[in-house]
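Below: protein.txt (compact mmCIF, C-alpha atoms)
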# COMPACT_ATOMS: atom_id res chain seq x y z
CA MET Q 247 10.46 100.07 11.39
CA SER Q 248 10.72 98.58 14.86
CA PRO Q 249 10.29 100.59 18.06
CA VAL Q 250 13.30 101.62 20.10
CA SER Q 251 14.16 98.92 22.60
CA ALA Q 252 15.23 99.45 26.21
CA GLY Q 253 18.58 97.92 25.33
CA GLU Q 254 19.08 100.35 22.47
CA ALA Q 255 18.21 103.30 24.70
CA ALA Q 256 20.71 102.08 27.30
CA GLN Q 257 23.50 102.32 24.73
CA HIS Q 258 23.23 106.11 24.86
CA PRO Q 259 23.99 107.81 28.21
CA VAL Q 260 21.41 110.17 29.67
CA ARG Q 261 22.19 113.73 28.61
CA ALA Q 262 20.46 116.77 27.24
CA ARG Q 263 18.59 115.59 24.17
CA LEU Q 264 18.91 117.47 20.91
CA ARG Q 265 15.77 119.39 20.03
CA ILE Q 266 14.93 118.57 16.42
CA LEU Q 267 12.15 120.02 14.29
CA HIS Q 268 11.32 118.15 11.08
CA ALA Q 269 9.61 120.41 8.52
CA TYR Q 270 7.75 119.01 5.53
CA LYS Q 271 4.51 119.59 3.67
CA VAL Q 272 2.65 116.44 4.78
CA TYR Q 273 2.92 113.72 7.37
CA LEU Q 274 1.19 110.65 8.71
CA PRO Q 275 -1.62 109.70 8.90
CA ASP Q 276 -2.55 111.85 5.89
CA VAL Q 277 0.19 110.41 3.68
CA GLU Q 278 2.26 107.26 4.20
CA GLY Q 279 5.43 106.08 2.52
CA GLY Q 280 8.20 108.13 0.95
CA VAL Q 281 9.41 111.17 2.89
CA PRO Q 282 6.92 110.77 5.80
CA SER Q 283 8.20 107.23 6.35
CA ALA Q 284 11.79 108.48 6.45
CA ILE Q 285 10.84 111.17 8.99
CA ARG Q 286 9.02 108.56 11.05
CA ALA Q 287 12.12 106.38 11.16
CA LEU Q 288 14.33 109.31 12.18
CA THR Q 289 12.05 110.48 15.00
CA ALA Q 290 11.34 107.02 16.40
CA ARG Q 291 14.88 105.68 16.25
CA MET Q 292 16.40 108.86 17.70
CA ALA Q 293 13.90 109.08 20.57
CA ALA Q 294 16.53 108.20 23.19
CA ARG Q 295 18.79 111.05 22.08
CA CYS Q 296 16.48 113.64 20.51
CA GLN Q 297 13.34 115.50 21.44
CA SER Q 298 11.63 115.61 18.07
CA ALA Q 299 8.65 117.48 16.71
CA ILE Q 300 7.12 117.75 13.25
CA LEU Q 301 5.63 120.72 11.40
CA ALA Q 302 3.41 119.88 8.44
CA THR Q 303 0.16 121.13 6.88
CA ARG Q 304 -3.47 120.06 7.12
CA ARG Q 305 -6.70 120.30 5.22
CA TRP Q 306 -9.89 121.99 6.43
CA GLY Q 307 -11.57 120.12 9.25
CA ARG Q 308 -8.45 118.29 10.45
CA PRO Q 309 -7.06 118.91 13.95
CA ARG Q 310 -4.19 121.37 14.28
CA THR Q 311 -2.12 119.27 16.68
CA ILE Q 312 -1.91 115.48 16.83
CA ILE Q 313 0.40 112.86 18.30
CA VAL Q 314 1.89 110.22 15.98
CA ASP Q 315 4.11 107.54 17.55
CA ASP Q 316 4.49 109.75 20.65
CA ILE Q 317 5.82 112.62 18.48
CA PRO Q 318 3.89 115.93 18.45
CA VAL Q 319 2.81 116.99 14.97
CA THR Q 320 1.69 120.57 14.43
CA ARG Q 321 -0.17 121.20 11.16
CA SER Q 322 -0.62 124.60 9.57
CA LEU Q 323 -3.88 125.07 7.69
CA ALA Q 324 -3.61 124.76 3.91
CA LEU Q 325 -6.29 126.76 2.13
CA MET Q 326 -5.91 124.58 -0.94
CA THR Q 327 -3.45 122.28 -2.69
CA LEU Q 328 -2.01 123.33 -6.03
CA ARG Q 329 -0.19 120.60 -7.98
CA SER Q 330 0.83 118.74 -4.80
CA LEU Q 331 1.87 121.96 -3.04
CA PRO Q 332 -0.21 122.84 0.05
CA LEU Q 333 -0.85 126.58 0.16
CA ALA Q 334 -0.58 127.28 3.88
CA PRO Q 335 0.13 131.03 4.23
CA LEU Q 336 1.01 130.88 7.94
CA TYR Q 337 3.45 127.99 7.60
CA PRO Q 338 6.60 130.19 7.28
CA LEU Q 339 5.66 132.06 10.48
CA ALA Q 340 5.02 128.79 12.32
CA LEU Q 341 8.38 127.50 11.13
CA LEU Q 342 10.16 130.65 12.32
CA ALA Q 343 8.54 130.48 15.76
CA ARG Q 344 9.58 126.87 16.26
CA ALA Q 345 13.05 127.30 14.79
CA ARG Q 346 13.86 129.74 17.59
CA LYS Q 347 13.23 127.01 20.17
CA VAL Q 348 15.18 124.05 18.75
CA ASP Q 349 18.77 123.05 18.09
CA VAL Q 350 18.23 121.73 14.57
CA VAL Q 351 15.66 122.26 11.85
CA ALA Q 352 15.62 119.30 9.49
CA LEU Q 353 14.01 120.69 6.35
CA HIS Q 354 12.76 118.03 3.96
CA THR Q 355 12.64 119.34 0.41
CA PRO Q 356 11.22 120.02 -2.08
CA PHE Q 357 8.83 122.24 -0.14
CA PRO Q 358 8.90 125.76 -1.65
CA LEU Q 359 6.66 127.16 1.08
CA ALA Q 360 9.39 126.58 3.66
CA ASP Q 361 11.92 128.26 1.36
CA VAL Q 362 9.98 131.49 1.87
CA LEU Q 363 11.46 131.53 5.37
CA THR Q 364 14.76 129.71 5.02
CA GLY Q 365 15.68 131.58 1.86
CA LEU Q 366 15.06 135.02 3.33
CA TYR Q 367 15.61 134.74 7.06
CA PHE Q 368 16.70 131.96 9.39
CA PRO Q 369 17.85 132.12 13.03
CA ARG Q 370 21.60 131.78 13.23
CA ARG Q 371 21.42 130.05 16.61
CA CYS Q 372 19.75 127.05 14.98
CA ALA Q 373 21.43 124.55 12.66
CA LEU Q 374 19.69 124.06 9.32
CA ILE Q 375 20.00 120.58 7.81
CA VAL Q 376 18.40 120.16 4.39
CA HIS Q 377 17.27 116.66 3.49
CA TRP Q 378 17.23 117.00 -0.31
CA HIS Q 379 14.78 114.34 -1.46
CA SER Q 380 14.29 115.65 -4.99
CA ASP Q 381 14.56 118.65 -7.26
CA VAL Q 382 11.30 120.27 -8.33
CA VAL Q 383 10.66 118.16 -11.41
CA ARG Q 384 7.09 118.50 -12.62
CA GLN Q 385 6.01 122.02 -11.65
CA LYS Q 386 8.28 123.99 -14.02
CA TRP Q 387 6.21 127.16 -13.57
CA LEU Q 388 6.70 126.91 -9.81
CA LEU Q 389 10.42 126.30 -10.18
CA ARG Q 390 10.85 129.58 -12.05
CA LEU Q 391 9.21 131.40 -9.13
CA VAL Q 392 10.99 129.75 -6.23
CA ALA Q 393 14.42 128.90 -7.65
CA PRO Q 394 16.09 132.00 -6.11
CA LEU Q 395 14.73 131.11 -2.68
CA MET Q 396 15.74 127.47 -3.06
CA ARG Q 397 19.29 128.52 -3.90
CA ARG Q 398 19.46 130.75 -0.84
CA THR Q 399 18.14 127.92 1.32
CA VAL Q 400 20.87 125.48 0.27
CA GLN Q 401 23.48 128.22 0.59
CA ARG Q 402 22.31 128.90 4.15
CA ALA Q 403 22.14 125.19 5.02
CA ASP Q 404 24.82 123.89 7.34
CA ARG Q 405 24.68 120.48 5.67
CA ILE Q 406 22.71 118.94 2.80
CA LEU Q 407 21.84 115.27 3.02
CA VAL Q 408 21.18 113.26 -0.16
CA SER Q 409 20.44 109.57 -0.56
CA SER Q 410 22.84 108.94 -3.47
CA ALA Q 411 25.63 110.62 -5.43
CA PRO Q 412 23.63 111.04 -8.69
CA MET Q 413 21.33 113.46 -6.88
CA VAL Q 414 24.23 115.88 -6.53
CA THR Q 415 25.65 115.47 -10.03
CA HIS Q 416 22.25 115.90 -11.70
CA SER Q 417 20.99 118.84 -9.62
CA PRO Q 418 21.81 122.40 -10.71
CA PHE Q 419 21.12 123.49 -7.13
CA LEU Q 420 23.51 121.03 -5.49
CA ARG Q 421 26.41 120.78 -7.94
CA PRO Q 422 27.94 124.13 -6.86
CA LEU Q 423 27.62 123.04 -3.23
CA ALA Q 424 28.92 119.49 -3.53
CA ASP Q 425 31.37 120.01 -0.66
CA LYS Q 426 28.40 120.68 1.64
CA CYS Q 427 26.51 117.55 0.57
CA GLU Q 428 26.64 114.33 2.55
CA ILE Q 429 25.54 111.02 1.03
CA VAL Q 430 23.34 109.18 3.53
CA PRO Q 431 21.44 106.29 1.90
CA PHE Q 432 18.07 105.46 3.36
CA GLY Q 433 17.82 102.34 5.46
CA THR Q 434 15.21 99.73 6.20
CA ASP Q 435 14.43 97.59 9.22
CA LEU Q 436 16.40 94.40 8.66
CA THR Q 437 14.97 92.90 11.83
CA TYR Q 438 11.52 93.02 10.22
CA TRP Q 439 11.34 92.65 6.44
CA PRO Q 440 13.41 89.46 5.90
CA HIS Q 441 11.65 87.42 8.58
CA LEU Q 442 8.31 85.58 8.73
CA ASN Q 443 6.54 83.95 11.65
CA THR Q 444 4.47 80.78 11.26
CA LYS Q 445 1.24 82.64 10.55
CA GLU Q 446 2.96 84.80 7.94
CA GLU Q 447 4.52 81.76 6.27
CA GLN Q 448 1.04 80.28 5.90
CA ARG Q 449 -0.23 83.53 4.41
CA VAL Q 450 2.68 83.61 1.94
CA ALA Q 451 1.93 80.05 0.85
CA ALA Q 452 -1.70 80.99 0.21
CA LEU Q 453 -0.69 84.04 -1.82
CA ARG Q 454 1.69 81.97 -3.93
CA ARG Q 455 -1.13 79.56 -4.76
CA GLN Q 456 -3.30 82.52 -5.74
CA TYR Q 457 -0.54 84.31 -7.69
CA PRO Q 458 2.00 81.72 -8.95
CA ARG Q 459 3.97 84.22 -11.10
CA LEU Q 460 3.53 87.38 -9.07
CA VAL Q 461 5.07 90.80 -9.71
CA VAL Q 462 4.50 93.36 -6.95
CA THR Q 463 4.87 97.11 -7.02
CA THR Q 464 4.00 99.72 -4.39
CA GLY Q 465 3.64 103.49 -4.26
CA ARG Q 466 1.26 106.40 -4.53
CA LEU Q 467 -0.91 106.23 -7.63
CA VAL Q 468 0.58 109.30 -9.29
CA SER Q 469 1.94 109.85 -12.76
CA TYR Q 470 5.70 109.73 -12.13
CA LYS Q 471 5.44 106.22 -10.67
CA GLY Q 472 4.83 104.84 -14.17
CA PHE Q 473 2.12 102.37 -13.20
CA ASP Q 474 0.35 102.97 -16.52
CA VAL Q 475 3.51 101.75 -18.29
CA LEU Q 476 3.59 98.66 -16.08
CA ILE Q 477 -0.05 97.89 -16.85
CA GLU Q 478 0.61 98.25 -20.58
CA ALA Q 479 3.64 95.96 -20.25
CA PHE Q 480 1.50 93.24 -18.67
CA SER Q 481 -0.41 92.86 -21.92
CA SER Q 482 2.55 90.73 -22.99
CA VAL Q 483 3.72 89.25 -19.66
CA ASN Q 484 2.66 85.79 -18.51
CA GLY Q 485 2.09 86.53 -14.86
CA GLN Q 486 0.08 88.41 -12.28
CA CYS Q 487 0.65 91.96 -11.01
CA VAL Q 488 -0.45 93.47 -7.71
CA ILE Q 489 -0.21 97.25 -7.39
CA VAL Q 490 -0.24 98.37 -3.75
CA GLY Q 491 -1.12 101.97 -2.97
CA GLU Q 492 -3.66 104.76 -3.15
CA GLY Q 493 -3.75 108.02 -5.05
CA PRO Q 494 -5.54 110.28 -7.52
CA LEU Q 495 -4.99 107.98 -10.52
CA ASP Q 496 -6.80 104.95 -9.11
CA LYS Q 497 -9.86 105.26 -11.35
CA GLN Q 498 -7.77 106.07 -14.42
CA LEU Q 499 -5.53 103.05 -13.88
CA GLN Q 500 -8.50 100.76 -13.30
CA GLN Q 501 -10.04 101.98 -16.55
CA GLN Q 502 -6.78 101.15 -18.33
CA ILE Q 503 -6.78 97.66 -16.81
CA ASP Q 504 -10.37 97.12 -17.93
CA ALA Q 505 -9.73 98.47 -21.44
CA LEU Q 506 -6.81 96.06 -21.90
CA GLY Q 507 -8.80 93.12 -20.54
CA LEU Q 508 -6.32 92.53 -17.71
CA GLN Q 509 -8.83 92.36 -14.83
CA ASP Q 510 -7.86 88.76 -14.00
CA ARG Q 511 -4.10 89.44 -13.90
CA VAL Q 512 -3.52 93.04 -12.78
CA HIS Q 513 -4.99 94.12 -9.45
CA LEU Q 514 -5.17 97.45 -7.66
CA VAL Q 515 -5.42 96.46 -4.00
CA GLY Q 516 -5.15 99.87 -2.33
CA ARG Q 517 -3.25 100.35 0.88
CA LEU Q 518 -2.10 97.25 2.76
CA GLU Q 519 -1.13 96.94 6.40
CA ARG Q 520 2.58 96.51 6.93
CA ASP Q 521 2.42 92.82 7.81
CA GLU Q 522 0.26 92.03 4.78
CA LEU Q 523 2.62 93.98 2.52
CA LYS Q 524 5.54 91.96 3.85
CA CYS Q 525 3.69 88.73 3.07
CA MET Q 526 2.88 90.01 -0.42
CA LEU Q 527 6.56 90.77 -1.05
CA HIS Q 528 7.67 87.34 0.14
CA ALA Q 529 5.03 85.71 -2.08
CA ALA Q 530 6.21 87.61 -5.16
CA ARG Q 531 8.86 86.58 -7.66
CA ILE Q 532 9.83 90.12 -8.73
CA PHE Q 533 9.47 93.67 -7.48
CA ALA Q 534 8.87 96.32 -10.17
CA LEU Q 535 9.73 100.01 -9.88
CA PRO Q 536 8.57 101.45 -13.24
CA SER Q 537 9.19 105.13 -12.43
CA ILE Q 538 9.35 107.49 -15.40
CA SER Q 539 10.67 110.70 -13.84
CA PRO Q 540 13.57 112.00 -11.71
CA ALA Q 541 10.91 112.72 -9.09
CA GLU Q 542 11.70 109.14 -8.03
CA THR Q 543 15.06 109.72 -6.42
CA PHE Q 544 15.76 106.51 -4.52
CA GLY Q 545 12.89 104.06 -4.32
CA ILE Q 546 12.55 103.11 -0.67
CA ALA Q 547 10.02 100.47 -1.72
CA GLN Q 548 12.60 98.62 -3.82
CA MET Q 549 14.97 98.63 -0.85
CA GLU Q 550 12.32 96.96 1.34
CA ALA Q 551 11.68 94.39 -1.40
CA MET Q 552 15.42 93.67 -1.64
CA ALA Q 553 15.49 93.03 2.11
CA CYS Q 554 12.84 90.36 1.46
CA GLY Q 555 15.13 88.74 -1.13
CA LEU Q 556 13.32 89.95 -4.23
CA PRO Q 557 15.06 90.82 -7.51
CA VAL Q 558 14.09 94.23 -8.88
CA VAL Q 559 13.20 95.54 -12.30
CA ASN Q 560 13.67 99.31 -12.21
CA THR Q 561 14.26 102.11 -14.72
CA ASP Q 562 17.18 104.28 -15.81
CA VAL Q 563 15.92 107.56 -14.34
CA PRO Q 564 18.94 109.83 -13.61
CA THR Q 565 18.78 109.42 -9.83
CA GLY Q 566 19.76 106.84 -7.26
CA VAL Q 567 17.08 104.37 -8.42
CA PRO Q 568 19.32 102.23 -10.69
CA TRP Q 569 22.13 102.46 -8.11
CA VAL Q 570 20.05 100.89 -5.34
CA ALA Q 571 19.33 97.78 -7.43
CA ARG Q 572 21.95 97.50 -10.18
CA HIS Q 573 21.45 96.07 -13.63
CA GLY Q 574 22.84 92.57 -13.90
CA HIS Q 575 23.38 92.28 -10.15
CA GLU Q 576 20.24 92.72 -8.06
CA GLY Q 577 17.90 92.77 -11.04
CA LEU Q 578 17.44 94.46 -14.40
CA THR Q 579 17.25 98.13 -15.38
CA VAL Q 580 15.27 99.23 -18.43
CA ALA Q 581 14.54 102.46 -20.28
CA ALA Q 582 12.04 104.61 -18.40
CA GLY Q 583 8.58 105.05 -19.86
CA GLN Q 584 8.76 102.19 -22.38
CA ALA Q 585 6.44 99.21 -21.96
CA ALA Q 586 8.20 96.79 -24.33
CA PRO Q 587 11.61 96.60 -22.58
CA LEU Q 588 9.83 96.51 -19.22
CA ALA Q 589 7.77 93.53 -20.35
CA GLN Q 590 10.88 91.80 -21.67
CA ALA Q 591 12.78 92.24 -18.40
CA LEU Q 592 9.87 90.96 -16.31
CA SER Q 593 9.44 87.95 -18.58
CA THR Q 594 13.16 87.19 -18.45
CA LEU Q 595 13.21 87.01 -14.68
CA LEU Q 596 9.91 85.15 -14.44
CA ASP Q 597 11.11 82.48 -16.88
CA ASP Q 598 14.72 82.13 -15.74
CA ASP Q 599 14.65 80.58 -12.26
CA THR Q 600 18.43 80.58 -11.90
CA LEU Q 601 18.84 84.26 -12.78
CA ARG Q 602 15.90 85.25 -10.60
CA LEU Q 603 17.19 83.39 -7.55
CA GLN Q 604 20.74 84.70 -8.00
CA SER Q 605 19.46 88.26 -8.33
CA GLY Q 606 17.24 87.88 -5.28
CA LYS Q 607 20.11 86.57 -3.18
CA ALA Q 608 22.30 89.46 -4.34
CA ALA Q 609 19.50 91.90 -3.50
CA ALA Q 610 19.24 90.61 0.06
CA ALA Q 611 23.01 90.83 0.48
CA ARG Q 612 23.14 94.42 -0.82
CA ALA Q 613 20.32 95.45 1.50
CA ALA Q 614 22.16 93.97 4.47
CA GLU Q 615 25.42 95.66 3.50
CA LEU Q 616 24.25 99.16 2.55
CA PHE Q 617 20.68 99.74 3.64
CA ASP Q 618 20.53 98.84 7.31
CA GLU Q 619 18.30 101.39 9.00
CA ARG Q 620 20.70 101.63 11.93
CA GLN Q 621 23.43 103.01 9.66
CA PHE Q 622 21.02 105.59 8.23
CA ILE Q 623 19.94 106.71 11.69
CA GLU Q 624 23.41 106.83 13.22
CA LYS Q 625 25.01 108.80 10.40
CA THR Q 626 22.13 111.30 10.35
CA TYR Q 627 22.26 111.76 14.11
CA ARG Q 628 25.99 112.46 14.05
CA ILE Q 629 25.42 115.18 11.46
CA TYR Q 630 22.62 116.72 13.55
CA GLU Q 631 24.82 116.64 16.65
CA THR Q 632 27.87 118.12 14.94
CA GLU Q 633 26.00 120.97 13.28
CA ALA Q 634 24.02 121.80 16.43
CA GLN Q 635 27.30 122.18 18.31
CA ARG Q 636 28.76 124.34 15.55
CA ALA Q 637 25.68 126.56 15.64
CA LYS Q 638 26.13 127.07 19.38
CA GLU Q 639 29.80 127.90 18.94
CA ARG Q 640 28.94 130.29 16.13
CA LEU Q 641 26.43 132.09 18.32
CA SER Q 642 28.84 132.25 21.26
CA ALA Q 643 31.56 133.72 19.06
CA THR Q 644 29.15 136.36 17.80
CA ARG Q 645 28.06 137.34 21.30
CA ALA Q 646 31.48 137.23 22.92
CA PRO Q 647 32.57 140.83 22.12
CA GLY Q 648 29.46 142.11 23.86
CA ILE Q 649 26.83 144.66 23.08
CA ALA Q 650 28.85 146.29 20.35
CA ASN Q 651 28.36 143.23 18.18
CA LYS Q 652 24.58 143.10 18.40
CA THR Q 653 24.16 144.83 15.07
CA THR Q 654 26.47 142.33 13.41
CA GLU Q 655 24.61 139.46 15.02
CA HIS Q 656 21.32 140.69 13.63
CA ARG Q 657 22.80 141.04 10.17
CA THR Q 658 24.25 137.51 10.09
CA ASP Q 659 21.03 136.15 11.57
CA THR Q 660 19.23 137.36 8.52
CA TYR Q 661 21.11 135.19 6.07
CA GLY Q 662 24.03 132.94 5.53
CA HIS Q 663 27.13 131.90 7.36
Target encoding structure tokens, full file:
Amino acid sequence: MSPVSAGEAAQHPVRARLRILHAYKVYLPDVEGGVPSAIRALTARMAARCQSAILATRRWGRPRTIIVDDIPVTRSLALMTLRSLPLAPLYPLALLARARKVDVVALHTPFPLADVLTGLYFPRRCALIVHWHSDVVRQKWLLRLVAPLMRRTVQRADRILVSSAPMVTHSPFLRPLADKCEIVPFGTDLTYWPHLNTKEEQRVAALRRQYPRLVVTTGRLVSYKGFDVLIEAFSSVNGQCVIVGEGPLDKQLQQQIDALGLQDRVHLVGRLERDELKCMLHAARIFALPSISPAETFGIAQMEAMACGLPVVNTDVPTGVPWVARHGHEGLTVAAGQAAPLAQALSTLLDDDTLRLQSGKAAAARAAELFDERQFIEKTYRIYETEAQRAKERLSATRAPGIANKTTEHRTDTYGH
């Protein structure tokens, strides 16, 4: 993601900036990629038109307030983390206090802790935009507890943003509210990923000599990413695999690599700096997204790889993943969680130069057409702006009759439209 240029800022006349609060469970520098990366893009690219802030959580010993990319980040203390859910008891109160001072709360879900507030009480003067990144998929016990609050949150929301249509059709929470959902695909920086300078070209050449038949994948080392399936698949793939990312399964995955005798061909390289990741993608022949669960709703990483001209092998999870890179167009889609078809698809693209190059060219074209970050930012901003204005009009209409309506205002403030 590139910084906002002076020219870009000049395109937008000086006026009162929208006050936006992004609410999510974690943020940079604690976690990179995924939802935090999307929030980072929104805050940075809207800087000329929005005064943004972020509310997240923190672990013991971490500072309460930090600045990331000139954006203030307030972090509520989490006493512990239970199955990826930070337990920060004061978070709902912090969210309420800040919601009273902004024009828009952009709630990034799933985050059941925030639903404690938004599902029970939310200031009517503030627009609530829900960025629905995923249903609660793995924590079924948690879903049973928080489902009523989640339903009230989406009912209260002024607009619900999803990255692809399958997210609406496959979600029991969103299907009844389809008319409130807006499809806003994520975008990537097309001024950055497709291009290499001289130094980067030299680095790519060196990587290609080191890994002549390279498959790259990136993401947190967690179960739903399916990296264990990819490692198993490489037992029968003639090539090299680099897995970029960090996470709790690093030791387990390395043990699997060692047990299969793949130490010379499958490499866990941890986190890479952005420029090095770009070089790795340009050096690769294929990008793999072996996700095994609907927790993978879009696959921002595959979009970045497509911008670099890479064909993609992804899986048929019932989300936007196979829509981003389509079977037979920008790559190949295989059954989720099965090593054999994954190995076959990787081998097909590695061995068929014509198919691989055609798919890579189609991937770059699709990224340029649909996944330009500027489109993502502009469409999201317009929704923020529209709903903030509606919230102001709603509040004015409630106050207009005077003191006699104060009781009604309080009642509608508590919940709903």
Worksheet item: What's the 9 Å shell around stretch 301-312 of chain Q, counting only C-alpha atoms, without same-chain residues fewer than 6 positions away, as an MDAnalysis selection string?
Response: chainID Q and resid 267:273 276 318:327 332:334 337 340:341 344
Selection above as a file: C-alpha atoms, as a short mmCIF file (atom, residue, chain, number, x, y, z; two decimals), in the frame of the given file:
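The resulting file, selection-v9.cif, is shown below:
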data_model
loop_
_atom_site.label_atom_id
_atom_site.label_comp_id
_atom_site.auth_asym_id
_atom_site.auth_seq_id
_atom_site.Cartn_x
_atom_site.Cartn_y
_atom_site.Cartn_z
CA LEU Q 267 12.15 120.02 14.29
CA HIS Q 268 11.32 118.15 11.08
CA ALA Q 269 9.61 120.41 8.52
CA TYR Q 270 7.75 119.01 5.53
CA LYS Q 271 4.51 119.59 3.67
CA VAL Q 272 2.65 116.44 4.78
CA TYR Q 273 2.92 113.72 7.37
CA ASP Q 276 -2.55 111.85 5.89
CA PRO Q 318 3.89 115.93 18.45
CA VAL Q 319 2.81 116.99 14.97
CA THR Q 320 1.69 120.57 14.43
CA ARG Q 321 -0.17 121.20 11.16
CA SER Q 322 -0.62 124.60 9.57
CA LEU Q 323 -3.88 125.07 7.69
CA ALA Q 324 -3.61 124.76 3.91
CA LEU Q 325 -6.29 126.76 2.13
CA MET Q 326 -5.91 124.58 -0.94
CA THR Q 327 -3.45 122.28 -2.69
CA PRO Q 332 -0.21 122.84 0.05
CA LEU Q 333 -0.85 126.58 0.16
CA ALA Q 334 -0.58 127.28 3.88
CA TYR Q 337 3.45 127.99 7.60
CA ALA Q 340 5.02 128.79 12.32
CA LEU Q 341 8.38 127.50 11.13
CA ARG Q 344 9.58 126.87 16.26
#
Worksheet item: Which distance in Å separates atom CA of Q:Asn484 and atom CA of Q:Gln498, to one decimal?
Response: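 Going from atom CA of Q:Asn484 over to atom CA of Q:Gln498 covers 23.2 Å.
Interatomic distance, atom CA of Q:Ala403 against atom CA of Q:Asp618: 26.5 Å.
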Using all atoms of stretch 358-364 of chain Q that appear in the file, construct an axis-aligned enclosing box with 3 Å of padding on every side and provide its centre coordinates and edge lengths in Å, rounded to one decimal, as JSON.
{"center_x": 10.7, "center_y": 128.6, "center_z": 1.9, "size_x": 14.1, "size_y": 11.8, "size_z": 13.0}
Worksheet item: Which one is closest to Q:Glu619: Q:Ile317, Q:Leu436, Q:Leu514, Q:Val408? Count all atoms listed in the file.
Response: Q:Leu436
Discussion item. Could you check the closest approach to Q:Leu274 for each of Q:Leu391, Q:Val314, Q:Leu453, Q:Ala373 and tell me which residue wins, using all atoms listed in the file?
Written reply: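 Of the candidates, the smallest distance to Q:Leu274 is held by Q:Val314.
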Discussion item. Here is a test: counting all atoms listed in the file, which residue of Q:Val461, Q:Val570, Q:Cys487, Q:Ala352 is nearest to Q:Ile532?
Written reply: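 So, comparing all the options, the nearest one is Q:Val461.
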Discussion item. For a cutoff of 6 Å around the file-coordinate point (17.7, 125.4, -9.8), which residues qualify once you count all atoms listed in the file? I'd like the result as a PyMOL selection string.
Written reply: chain Q and resi 393+418-419
Worksheet item: Q:Arg402: which residues within 12 Å, counting only C-alpha atoms, same-chain residues fewer than 2 positions away excluded, as a PyMOL selection string?
Response: chain Q and resi 353+361+363-370+372-376+395-400+404-406+423+426+658-663
Discussion item. Ranking Q:Glu542, Q:Glu478, Q:Glu522, Q:Glu576 by minimum distance to Q:Ala609 and counting all atoms listed in the file, which one comes first?
Written reply: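 Smallest separation from Q:Ala609 among the options: Q:Glu576.
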Worksheet entry | Contacts of Q:Pro338 at 8 Å (only C-alpha atoms; same-chain gap of 4+ positions) as a list of chain:residue names | Q:Leu342, Q:Leu359, Q:Ala360, Q:Val362, Q:Leu363
Worksheet item: When distances are computed from all atoms listed in the file, which of Q:Ala551, Q:Ala585, Q:Met413, Q:Leu460 shows the smallest separation from Q:Ile477?
Response: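 Distance minimum relative to Q:Ile477 lands on Q:Ala585.
For the residues Q:Gln448, Q:Thr561, Q:Thr415, Q:Gln621, ranking by smallest atom-to-atom distance to Q:His528 using all atoms listed in the file places Q:Gln448 first.
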Practice prompt. Please tell me which residues are no farther than 12 Å from (11.8, 90.9, -20.3) in the file, counting all atoms listed in the file, and write them as a ChimeraX atom specification.
Written response: /Q:479-480,482-485,532,534,559-560,577-581,584-598,602
Worksheet entry | Atomic distance atom CA of Q:Pro282 - atom CA of Q:His354, expressed in Å with one decimal | 9.5 Å
Just want the 12 Å neighbourhood of Q:Ser539, counted on all atoms listed in the file, with same-chain residues fewer than 2 positions away dropped. Output as an mmCIF file with C-alpha atoms, in the frame of the given file.
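Result went into result-v3.cif, see below:
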data_model
loop_
_atom_site.group_PDB
_atom_site.id
_atom_site.type_symbol
_atom_site.label_atom_id
_atom_site.label_comp_id
_atom_site.auth_asym_id
_atom_site.auth_seq_id
_atom_site.Cartn_x
_atom_site.Cartn_y
_atom_site.Cartn_z
ATOM 1 C CA SER Q 380 14.290 115.650 -4.990
ATOM 2 C CA ASP Q 381 14.560 118.650 -7.260
ATOM 3 C CA VAL Q 382 11.300 120.270 -8.330
ATOM 4 C CA VAL Q 383 10.660 118.160 -11.410
ATOM 5 C CA ARG Q 384 7.090 118.500 -12.620
ATOM 6 C CA VAL Q 468 0.580 109.300 -9.290
ATOM 7 C CA SER Q 469 1.940 109.850 -12.760
ATOM 8 C CA TYR Q 470 5.700 109.730 -12.130
ATOM 9 C CA LYS Q 471 5.440 106.220 -10.670
ATOM 10 C CA GLY Q 472 4.830 104.840 -14.170
ATOM 11 C CA PHE Q 473 2.120 102.370 -13.200
ATOM 12 C CA LEU Q 535 9.730 100.010 -9.880
ATOM 13 C CA PRO Q 536 8.570 101.450 -13.240
ATOM 14 C CA SER Q 537 9.190 105.130 -12.430
ATOM 15 C CA ALA Q 541 10.910 112.720 -9.090
ATOM 16 C CA GLU Q 542 11.700 109.140 -8.030
ATOM 17 C CA THR Q 543 15.060 109.720 -6.420
ATOM 18 C CA PHE Q 544 15.760 106.510 -4.520
ATOM 19 C CA GLY Q 545 12.890 104.060 -4.320
ATOM 20 C CA ASN Q 560 13.670 99.310 -12.210
ATOM 21 C CA THR Q 561 14.260 102.110 -14.720
ATOM 22 C CA ASP Q 562 17.180 104.280 -15.810
ATOM 23 C CA VAL Q 563 15.920 107.560 -14.340
ATOM 24 C CA PRO Q 564 18.940 109.830 -13.610
ATOM 25 C CA THR Q 565 18.780 109.420 -9.830
ATOM 26 C CA GLY Q 566 19.760 106.840 -7.260
ATOM 27 C CA VAL Q 567 17.080 104.370 -8.420
ATOM 28 C CA ALA Q 581 14.540 102.460 -20.280
ATOM 29 C CA ALA Q 582 12.040 104.610 -18.400
ATOM 30 C CA GLY Q 583 8.580 105.050 -19.860
#
Worksheet entry | Contact residues around Q:Val490 with all atoms listed in the file at 10 Å, ignoring same-chain residues under 6 positions, as a list in words | Val462, Thr463, Thr464, Gly465, Arg466, Leu467, His513, Leu514, Val515, Gly516, Arg517, Leu518, Leu523 and Met526 of chain Q
